[in-house]
Every structure is written in C-alpha cells, then in structure tokens.
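Reproduced below: structure.cif, with mmCIF, C-alpha atoms.
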data_input
loop_
_atom_site.label_atom_id
_atom_site.label_comp_id
_atom_site.auth_asym_id
_atom_site.auth_seq_id
_atom_site.Cartn_x
_atom_site.Cartn_y
_atom_site.Cartn_z
CA MET Y 173 17.53 62.00 45.25
CA VAL Y 174 20.61 61.86 43.04
CA VAL Y 175 22.02 58.74 44.70
CA PRO Y 176 18.88 56.57 44.32
CA LEU Y 177 18.64 57.68 40.70
CA LEU Y 178 22.24 56.67 40.09
CA HIS Y 179 21.54 53.28 41.68
CA LEU Y 180 18.51 52.84 39.45
CA LEU Y 181 20.45 53.76 36.32
CA HIS Y 182 23.26 51.43 37.33
CA THR Y 183 20.79 48.59 37.85
CA LEU Y 184 19.10 49.18 34.51
CA TYR Y 185 22.46 49.40 32.76
CA GLY Y 186 23.54 46.13 34.37
CA ILE Y 187 20.36 44.41 33.27
CA GLU Y 188 20.90 45.65 29.71
CA ILE Y 189 24.49 44.39 29.69
CA LEU Y 190 23.35 41.03 31.03
CA CYS Y 191 20.65 40.72 28.37
CA LYS Y 192 23.13 41.53 25.63
CA ALA Y 193 25.56 38.97 27.02
CA LEU Y 194 22.89 36.30 27.13
CA HIS Y 195 21.79 37.14 23.61
CA MET Y 196 25.37 36.97 22.34
CA GLU Y 197 25.88 33.66 24.13
CA SER Y 198 22.74 32.22 22.55
CA GLN Y 199 23.98 33.35 19.16
CA VAL Y 200 27.38 31.78 19.72
CA THR Y 201 25.98 28.44 20.91
CA THR Y 202 23.41 28.09 18.09
CA VAL Y 203 24.63 25.44 15.65
CA ASP Y 204 23.34 25.21 12.12
CA TYR Y 205 22.73 21.74 10.72
CA PRO Y 206 22.15 22.20 6.97
CA ASP Y 207 19.60 20.03 5.21
CA THR Y 208 21.68 20.12 2.04
CA ASP Y 209 25.24 20.85 1.04
CA GLY Y 210 24.02 23.21 -1.68
CA LEU Y 211 25.57 21.14 -4.44
CA PRO Y 212 23.54 19.59 -7.25
CA MET Y 213 23.15 15.82 -7.14
CA ALA Y 214 25.46 14.49 -9.85
CA GLU Y 215 24.44 10.85 -10.12
CA SER Y 216 24.32 8.63 -13.15
CA ASP Y 217 21.31 6.52 -14.02
CA PHE Y 218 23.23 3.50 -12.75
CA GLN Y 219 23.25 4.93 -9.21
CA ARG Y 220 19.95 6.83 -9.26
CA LYS Y 221 17.67 4.01 -10.38
CA PRO Y 222 18.56 1.40 -7.72
CA LEU Y 223 18.56 4.12 -5.05
CA THR Y 224 15.08 5.29 -6.02
CA TYR Y 225 13.82 1.73 -6.29
CA ALA Y 226 15.20 0.69 -2.89
CA VAL Y 227 13.77 3.66 -0.98
CA GLU Y 228 10.32 3.42 -2.58
CA ALA Y 229 10.05 -0.39 -2.49
CA LEU Y 230 11.12 -0.57 1.17
CA ASP Y 231 8.82 2.32 2.10
CA ILE Y 232 5.88 0.50 0.51
CA TYR Y 233 6.85 -2.79 2.15
CA PHE Y 234 6.87 -1.19 5.62
CA GLN Y 235 3.97 1.20 4.97
CA ASP Y 236 1.80 -0.42 7.63
CA ARG Y 237 4.52 -0.14 10.27
CA ALA Y 238 4.26 3.24 12.01
CA ASP Y 239 7.50 2.48 13.85
CA VAL Y 240 9.66 1.96 10.76
CA TYR Y 241 11.35 4.91 9.06
CA VAL Y 242 12.75 4.52 5.54
CA SER Y 243 14.73 7.23 3.82
CA GLY Y 244 17.68 7.92 1.57
CA ASN Y 245 20.15 10.63 0.61
CA LEU Y 246 19.33 12.37 3.88
CA PHE Y 247 21.91 14.01 6.14
CA LEU Y 248 22.43 11.98 9.29
CA TYR Y 249 24.07 14.04 12.04
CA TYR Y 250 25.53 11.87 14.76
CA ARG Y 251 27.26 14.30 17.14
CA GLU Y 252 25.39 17.22 18.66
CA GLY Y 253 27.19 20.51 18.29
CA ASP Y 254 29.36 19.31 15.40
CA PRO Y 255 27.74 19.71 11.96
CA ARG Y 256 30.82 18.14 10.40
CA ALA Y 257 29.90 14.80 12.02
CA VAL Y 258 27.52 13.85 9.24
CA VAL Y 259 26.94 11.10 6.69
CA ALA Y 260 24.29 10.76 4.01
CA PRO Y 261 23.40 7.08 3.46
CA ASP Y 262 21.93 6.30 0.06
CA VAL Y 263 19.25 4.14 1.68
CA PHE Y 264 18.59 3.45 5.35
CA VAL Y 265 15.95 1.85 7.55
CA VAL Y 266 15.34 2.53 11.24
CA PHE Y 267 13.15 0.34 13.40
CA ALA Y 268 11.46 1.91 16.44
CA ALA Y 269 11.58 5.36 14.82
CA GLU Y 270 8.46 7.35 14.01
CA LYS Y 271 7.37 7.30 10.38
CA ARG Y 272 7.33 11.00 9.47
CA ASP Y 273 9.09 13.39 7.11
CA ARG Y 274 12.34 14.90 8.33
CA PRO Y 275 14.66 17.60 6.95
CA SER Y 276 17.59 15.63 8.39
CA TYR Y 277 18.16 12.83 10.89
CA LYS Y 278 19.76 14.11 14.12
CA LEU Y 279 20.77 11.14 16.19
CA TRP Y 280 20.36 12.91 19.56
CA GLU Y 281 16.74 13.69 18.68
CA GLU Y 282 15.93 10.15 17.55
CA PRO Y 283 15.61 6.85 19.42
CA LYS Y 284 18.50 5.17 17.62
CA ALA Y 285 20.80 4.98 14.63
CA PRO Y 286 19.75 3.18 11.42
CA ASP Y 287 19.52 -0.60 11.59
CA PHE Y 288 20.19 -1.12 7.89
CA VAL Y 289 22.18 0.94 5.40
CA LEU Y 290 22.60 0.43 1.65
CA GLU Y 291 25.19 2.34 -0.34
CA ILE Y 292 25.15 2.43 -4.16
CA THR Y 293 28.84 2.40 -4.99
CA SER Y 294 30.35 4.46 -7.78
CA LYS Y 295 33.82 5.59 -8.80
CA SER Y 296 33.54 8.78 -6.71
CA THR Y 297 32.23 7.03 -3.57
CA ARG Y 298 34.16 3.76 -3.69
CA SER Y 299 36.89 4.60 -1.19
CA GLU Y 300 34.50 6.28 1.24
CA ASP Y 301 31.99 3.43 1.00
CA GLN Y 302 34.66 0.85 1.76
CA GLU Y 303 36.87 2.69 4.24
CA SER Y 304 35.48 5.57 6.29
CA LYS Y 305 31.75 4.74 6.20
CA PRO Y 306 32.08 1.21 7.60
CA GLN Y 307 33.98 2.64 10.57
CA THR Y 308 31.37 5.32 11.15
CA TYR Y 309 28.45 2.94 10.76
CA ALA Y 310 30.02 0.42 13.12
CA GLN Y 311 30.52 3.12 15.75
CA LEU Y 312 26.89 4.20 15.33
CA GLY Y 313 25.68 0.62 15.74
CA VAL Y 314 24.30 0.07 12.22
CA ARG Y 315 23.52 -3.65 12.33
CA GLU Y 316 23.83 -4.33 8.60
CA TYR Y 317 25.73 -2.43 5.94
CA VAL Y 318 25.28 -3.46 2.29
CA GLN Y 319 27.03 -2.19 -0.82
CA PHE Y 320 25.84 -2.58 -4.39
CA ASP Y 321 27.87 -1.74 -7.48
CA PRO Y 322 25.39 -1.39 -10.37
CA THR Y 323 28.10 -1.37 -13.03
CA GLY Y 324 30.19 -4.18 -11.53
CA ASP Y 325 33.35 -2.14 -12.03
CA TYR Y 326 34.36 -1.52 -8.43
CA LEU Y 327 33.11 -4.39 -6.26
CA LYS Y 328 33.71 -8.08 -6.84
CA PRO Y 329 31.11 -9.45 -6.38
CA PRO Y 330 28.95 -6.36 -7.03
CA LEU Y 331 26.74 -7.18 -4.02
CA GLN Y 332 28.43 -7.28 -0.62
CA GLY Y 333 27.25 -7.00 2.96
CA LEU Y 334 28.50 -6.67 6.52
CA ARG Y 335 26.82 -7.44 9.83
CA LEU Y 336 27.78 -6.02 13.19
CA VAL Y 337 29.05 -8.60 15.66
CA ALA Y 338 30.34 -7.36 19.04
CA GLY Y 339 31.08 -3.93 17.57
CA THR Y 340 32.94 -5.26 14.53
CA TYR Y 341 31.71 -5.91 11.02
CA GLU Y 342 31.81 -9.43 9.61
CA PRO Y 343 30.99 -10.35 5.99
CA LEU Y 344 27.49 -11.52 5.08
CA PRO Y 345 27.39 -14.60 2.85
CA VAL Y 346 26.52 -13.98 -0.80
CA THR Y 347 25.20 -16.88 -2.89
CA GLU Y 348 25.47 -17.12 -6.66
CA ARG Y 349 22.83 -19.19 -8.43
CA PRO Y 350 23.45 -21.16 -11.62
CA ASP Y 351 21.80 -18.41 -13.67
CA GLY Y 352 24.25 -15.85 -12.27
CA THR Y 353 21.81 -14.23 -9.81
CA LEU Y 354 23.47 -13.00 -6.61
CA LEU Y 355 21.55 -13.42 -3.37
CA LEU Y 356 22.17 -11.85 0.04
CA TYR Y 357 19.85 -12.37 3.00
CA SER Y 358 19.21 -9.46 5.37
CA ALA Y 359 18.23 -10.77 8.78
CA VAL Y 360 17.48 -7.20 9.89
CA LEU Y 361 14.92 -6.61 7.14
CA GLU Y 362 13.95 -10.28 6.81
CA LEU Y 363 14.31 -9.76 3.07
CA GLU Y 364 16.53 -11.12 0.33
CA LEU Y 365 18.53 -8.82 -1.93
CA HIS Y 366 18.89 -10.18 -5.46
CA VAL Y 367 21.07 -8.89 -8.29
CA GLU Y 368 19.53 -10.20 -11.51
CA ASN Y 369 21.11 -9.18 -14.80
CA GLY Y 370 22.74 -6.26 -13.02
CA GLN Y 371 19.47 -5.07 -11.43
CA LEU Y 372 18.89 -4.92 -7.68
CA HIS Y 373 15.61 -6.16 -6.21
CA PHE Y 374 14.29 -7.04 -2.78
CA TYR Y 375 12.28 -10.22 -2.20
CA ALA Y 376 10.17 -11.31 0.76
CA ALA Y 377 12.06 -14.26 2.21
CA GLU Y 378 8.95 -16.20 3.23
CA THR Y 379 6.84 -15.78 0.10
CA GLY Y 380 9.46 -15.13 -2.57
CA GLN Y 381 7.43 -12.11 -3.73
CA LYS Y 382 9.40 -9.29 -5.31
CA LEU Y 383 9.07 -5.85 -3.74
CA LEU Y 384 7.74 -3.38 -6.28
CA THR Y 385 7.58 0.37 -6.62
CA HIS Y 386 4.21 2.06 -7.16
CA ARG Y 387 4.88 2.18 -10.89
CA GLU Y 388 5.93 -1.46 -11.04
CA ALA Y 389 2.92 -2.50 -8.97
CA GLU Y 390 0.60 -0.62 -11.33
CA GLN Y 391 2.28 -2.21 -14.34
CA ALA Y 392 1.89 -5.65 -12.74
CA ARG Y 393 -1.78 -4.90 -12.03
CA LEU Y 394 -2.38 -3.82 -15.62
CA GLN Y 395 -0.59 -6.89 -16.95
CA ALA Y 396 -2.66 -9.13 -14.69
CA GLU Y 397 -5.85 -7.38 -15.82
CA GLN Y 398 -4.81 -7.76 -19.45
CA ALA Y 399 -4.13 -11.47 -18.90
CA ARG Y 400 -7.53 -11.85 -17.22
CA LEU Y 401 -9.31 -10.13 -20.11
CA GLN Y 402 -7.45 -12.25 -22.65
CA ALA Y 403 -8.38 -15.41 -20.74
CA GLU Y 404 -12.02 -14.27 -20.59
CA GLN Y 405 -11.98 -13.53 -24.31
CA ALA Y 406 -10.52 -16.96 -25.05
CA ARG Y 407 -13.19 -18.58 -22.86
CA LEU Y 408 -16.02 -16.75 -24.65
CA GLN Y 409 -14.57 -17.63 -28.05
CA ALA Y 410 -14.30 -21.26 -27.02
CA GLU Y 411 -17.90 -21.23 -25.77
CA GLU Y 412 -19.02 -19.62 -29.01
CA ARG Y 413 -17.21 -22.23 -31.06
CA ALA Y 414 -18.68 -24.96 -28.88
CA SER Y 415 -22.13 -23.41 -29.26
CA GLN Y 416 -21.75 -23.19 -33.03
CA GLU Y 417 -20.50 -26.76 -33.18
CA ALA Y 418 -23.44 -27.89 -31.04
CA ALA Y 419 -25.87 -26.04 -33.29
CA LEU Y 420 -24.31 -27.56 -36.39
CA ARG Y 421 -24.38 -30.98 -34.77
CA GLN Y 422 -28.03 -30.60 -33.85
CA ALA Y 423 -28.85 -29.43 -37.37
CA ALA Y 424 -26.96 -32.37 -38.84
CA GLU Y 425 -28.66 -34.79 -36.50
CA ALA Y 426 -32.05 -33.32 -37.40
CA ARG Y 427 -31.24 -33.63 -41.11
CA ILE Y 428 -30.12 -37.21 -40.63
CA ALA Y 429 -33.34 -37.98 -38.72
CA GLU Y 430 -35.33 -36.36 -41.52
CA LEU Y 431 -33.57 -38.41 -44.19
CA GLU Y 432 -34.01 -41.59 -42.18
CA ALA Y 433 -37.73 -40.85 -41.86
CA GLN Y 434 -38.00 -40.24 -45.62
CA LEU Y 435 -36.15 -43.48 -46.28
CA ARG Y 436 -38.47 -45.45 -44.02
CA ALA Y 437 -41.49 -43.90 -45.70
CA PHE Y 438 -40.14 -44.74 -49.12
CA GLN Y 439 -39.45 -48.28 -48.08
CA ALA Y 440 -42.93 -48.57 -46.61
CA ARG Y 441 -44.49 -47.48 -49.90
CA ARG Y 442 -42.51 -50.07 -51.83
CA SER Y 443 -43.24 -52.99 -49.55
CA PRO Y 444 -46.72 -53.89 -51.08
CA GLU Y 445 -45.20 -53.97 -54.57
CA ALA Y 446 -42.73 -56.64 -53.60
CA PRO Y 447 -43.40 -60.10 -55.38
#
Let me see whether you can do it: turn the structure in this file into structure tokens.
Amino acid sequence: MVVPLLHLLHTLYGIEILCKALHMESQVTTVDYPDTDGLPMAESDFQRKPLTYAVEALDIYFQDRADVYVSGNLFLYYREGDPRAVVAPDVFVVFAAEKRDRPSYKLWEEPKAPDFVLEITSKSTRSEDQESKPQTYAQLGVREYVQFDPTGDYLKPPLQGLRLVAGTYEPLPVTERPDGTLLLYSAVLELELHVENGQLHFYAAETGQKLLTHREAEQARLQAEQARLQAEQARLQAEERASQEAALRQAAEARIAELEAQLRAFQARRSPEAP
C-alpha cells in the first residue's frame, strides 16, 4: 500500500514540476511590444500639421479601398522576438493590407511592409531620416521613401524622394516650377506631392485635384455653396433690374402711344379750320 502511494505522490509531484516549468518557459518567451514609448510627442507645428494632413488626406483618398492601410506615428516592429527592431514612420501606406485600426504594425502578422513612407524632417530627426531609416526601409522593401522639410532648414531641396531599385534606393526626380512650386511624382501612390509656399499637398495625377482633409473639404463645400448663392443672388437682381427696365419701357411706350394719339386727335380737330 505504501509503495503505490509513493508512486502516486511522485507522479503528482512530477506533473506539478512540469507545469511550473512550462509556465516559467511561457513567461520567459513572452515578448512585450509596446504601443508607445511612454514619452510625450514633442513636435512643432511645422512637423505636426503636414503629418496630420498627409495621414488624413491619404486616408480619405483611399477610403473606398478595403485593401489599403494608411497610418502614421505608429510603431512598426519588423523582427519577431526583438522589440528593439522598431521604427515609427510619420506617414505610411500599405497596399494589400486590411483597413482596420491597429495598436502597432507587426510585420510577421501582416502581409507585407509599407509600400510608401513619408518622414517629416526636423532638427532632431534629420540624421536618422537620412542615414539609418533609409537602410532599414530598403531592407524591409519599402518601395518609395519621401522626406519633407517644412522649414527648409535641413534638406535642399526641402522635398526629396527615393525609390527602391534592385534592393537599393535611387533618387526620385523633383521638378521646380517657375512659381517655385516643387513637384515629386509617386508612382506607388499614383499621386503628385507638391510643396507650395512651404506647404505640402497631394494631387491626383490624372485630374490635378488636390487631396483635402475633412475640414478642408467642408470649407471648400461651404465656399462653393457661398459662391452659388452669390451667383443666384446676382441672377435674381439682374432679372429684377431687367423686369423693372421692361416695366419702365412699357410705361414709356404706353405714354408715347397716348401722346401720339392725343396729337393725332388734335390735328384731326384742326384740319377743317384750315383755309
């Protein structure tokens, strides 16, 4: 009786040890991928405004594409098991990725790396944007990498781009128009990036239409409505003036006809008196 009991206790003890070992192993192998670095975002208006515009305008532009994901300032982890292998692109677009909210973008859980990346360059990010990030993005297969310097202090010209060719980045052509506008065409997005008076905007290459944020679109709608109402008001005023002029003309013509009739009557009365 004692021996079987000892065997049972030994078995139970072994199972307990095994469970603890498995639990400890699971704890050891669990890797935390933070959604934030815990630091406040210290960005100037010069960096924040084009970043916000680009993410919102591109998201609206691709809103009908369920397979296009647009985001920005989101941690992108590119090596499973290593939370230090991370970048946070200011703006990025992924084709063939589900359009849904994410706490972070883990490359091993997604179909692919971003196709397009835009970095808003500043004094604190200049070296990283120009040195380490291009290497990382090239290794990840980012097809186009664009940099924009909103102050014009760190990049000459302030709009620059790279395209991936056989694993190596080559410069994208930037055109300067007579009015000083810089233009860069993104074949990946099929959009043009314009820098006009220091402001970044996207344009549809085929139509030339500027991509707007929700606020800009509402402002444009209100301006168009105001212009329509002003045109309608001008039309009604013109019709009223024309109506008044017509009424005055009719009254004048009636008065003239009346005077002519009086004159004929007067002349008729005088005709018998003529010698």
Expand the PyMOL selection byres ((chain Y and resi 369-385) around 8) into the explicit residue set it covers here, and present it as a VMD selection string. chain Y and resid 222 225 to 226 228 to 230 232 to 233 322 to 324 352 to 353 362 to 368 386 to 389
Identify all residues satisfying the PyMOL selection byres ((chain Y and resi 311-318) around 9) in the given file; provide them as a ChimeraX atom specification. /Y:250,284-292,306-310,319-320,331-337,339-341,344,358-360
note - CA of Asp321 in chain Y and CA of Ser294 in chain Y are separated by 6.7 Å
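Interatomic distance, CA of Pro261 in chain Y against CA of Arg349 in chain Y: 28.8 Å.
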Quick one: distance from CA of Asp239 in chain Y to CA of Glu282 in chain Y in Å, one decimal?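 The value is 12.0 Å.
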Name all residues at most 6 Å from Lys271 in chain Y (count only C-alpha atoms; drop same-chain ones fewer than 3 positions away) and give them as a PyMOL selection string. chain Y and resi 238-241
Let me have the centre and edge lengths of the axis-aligned box enclosing all listed atoms of range 280-289 of chain Y with 4 Å padding on every side, in Å to one decimal, as lines of an AutoDock Vina configuration file.
center_x = 18.9
center_y = 6.3
center_z = 12.5
size_x = 14.6
size_y = 22.8
size_z = 22.2
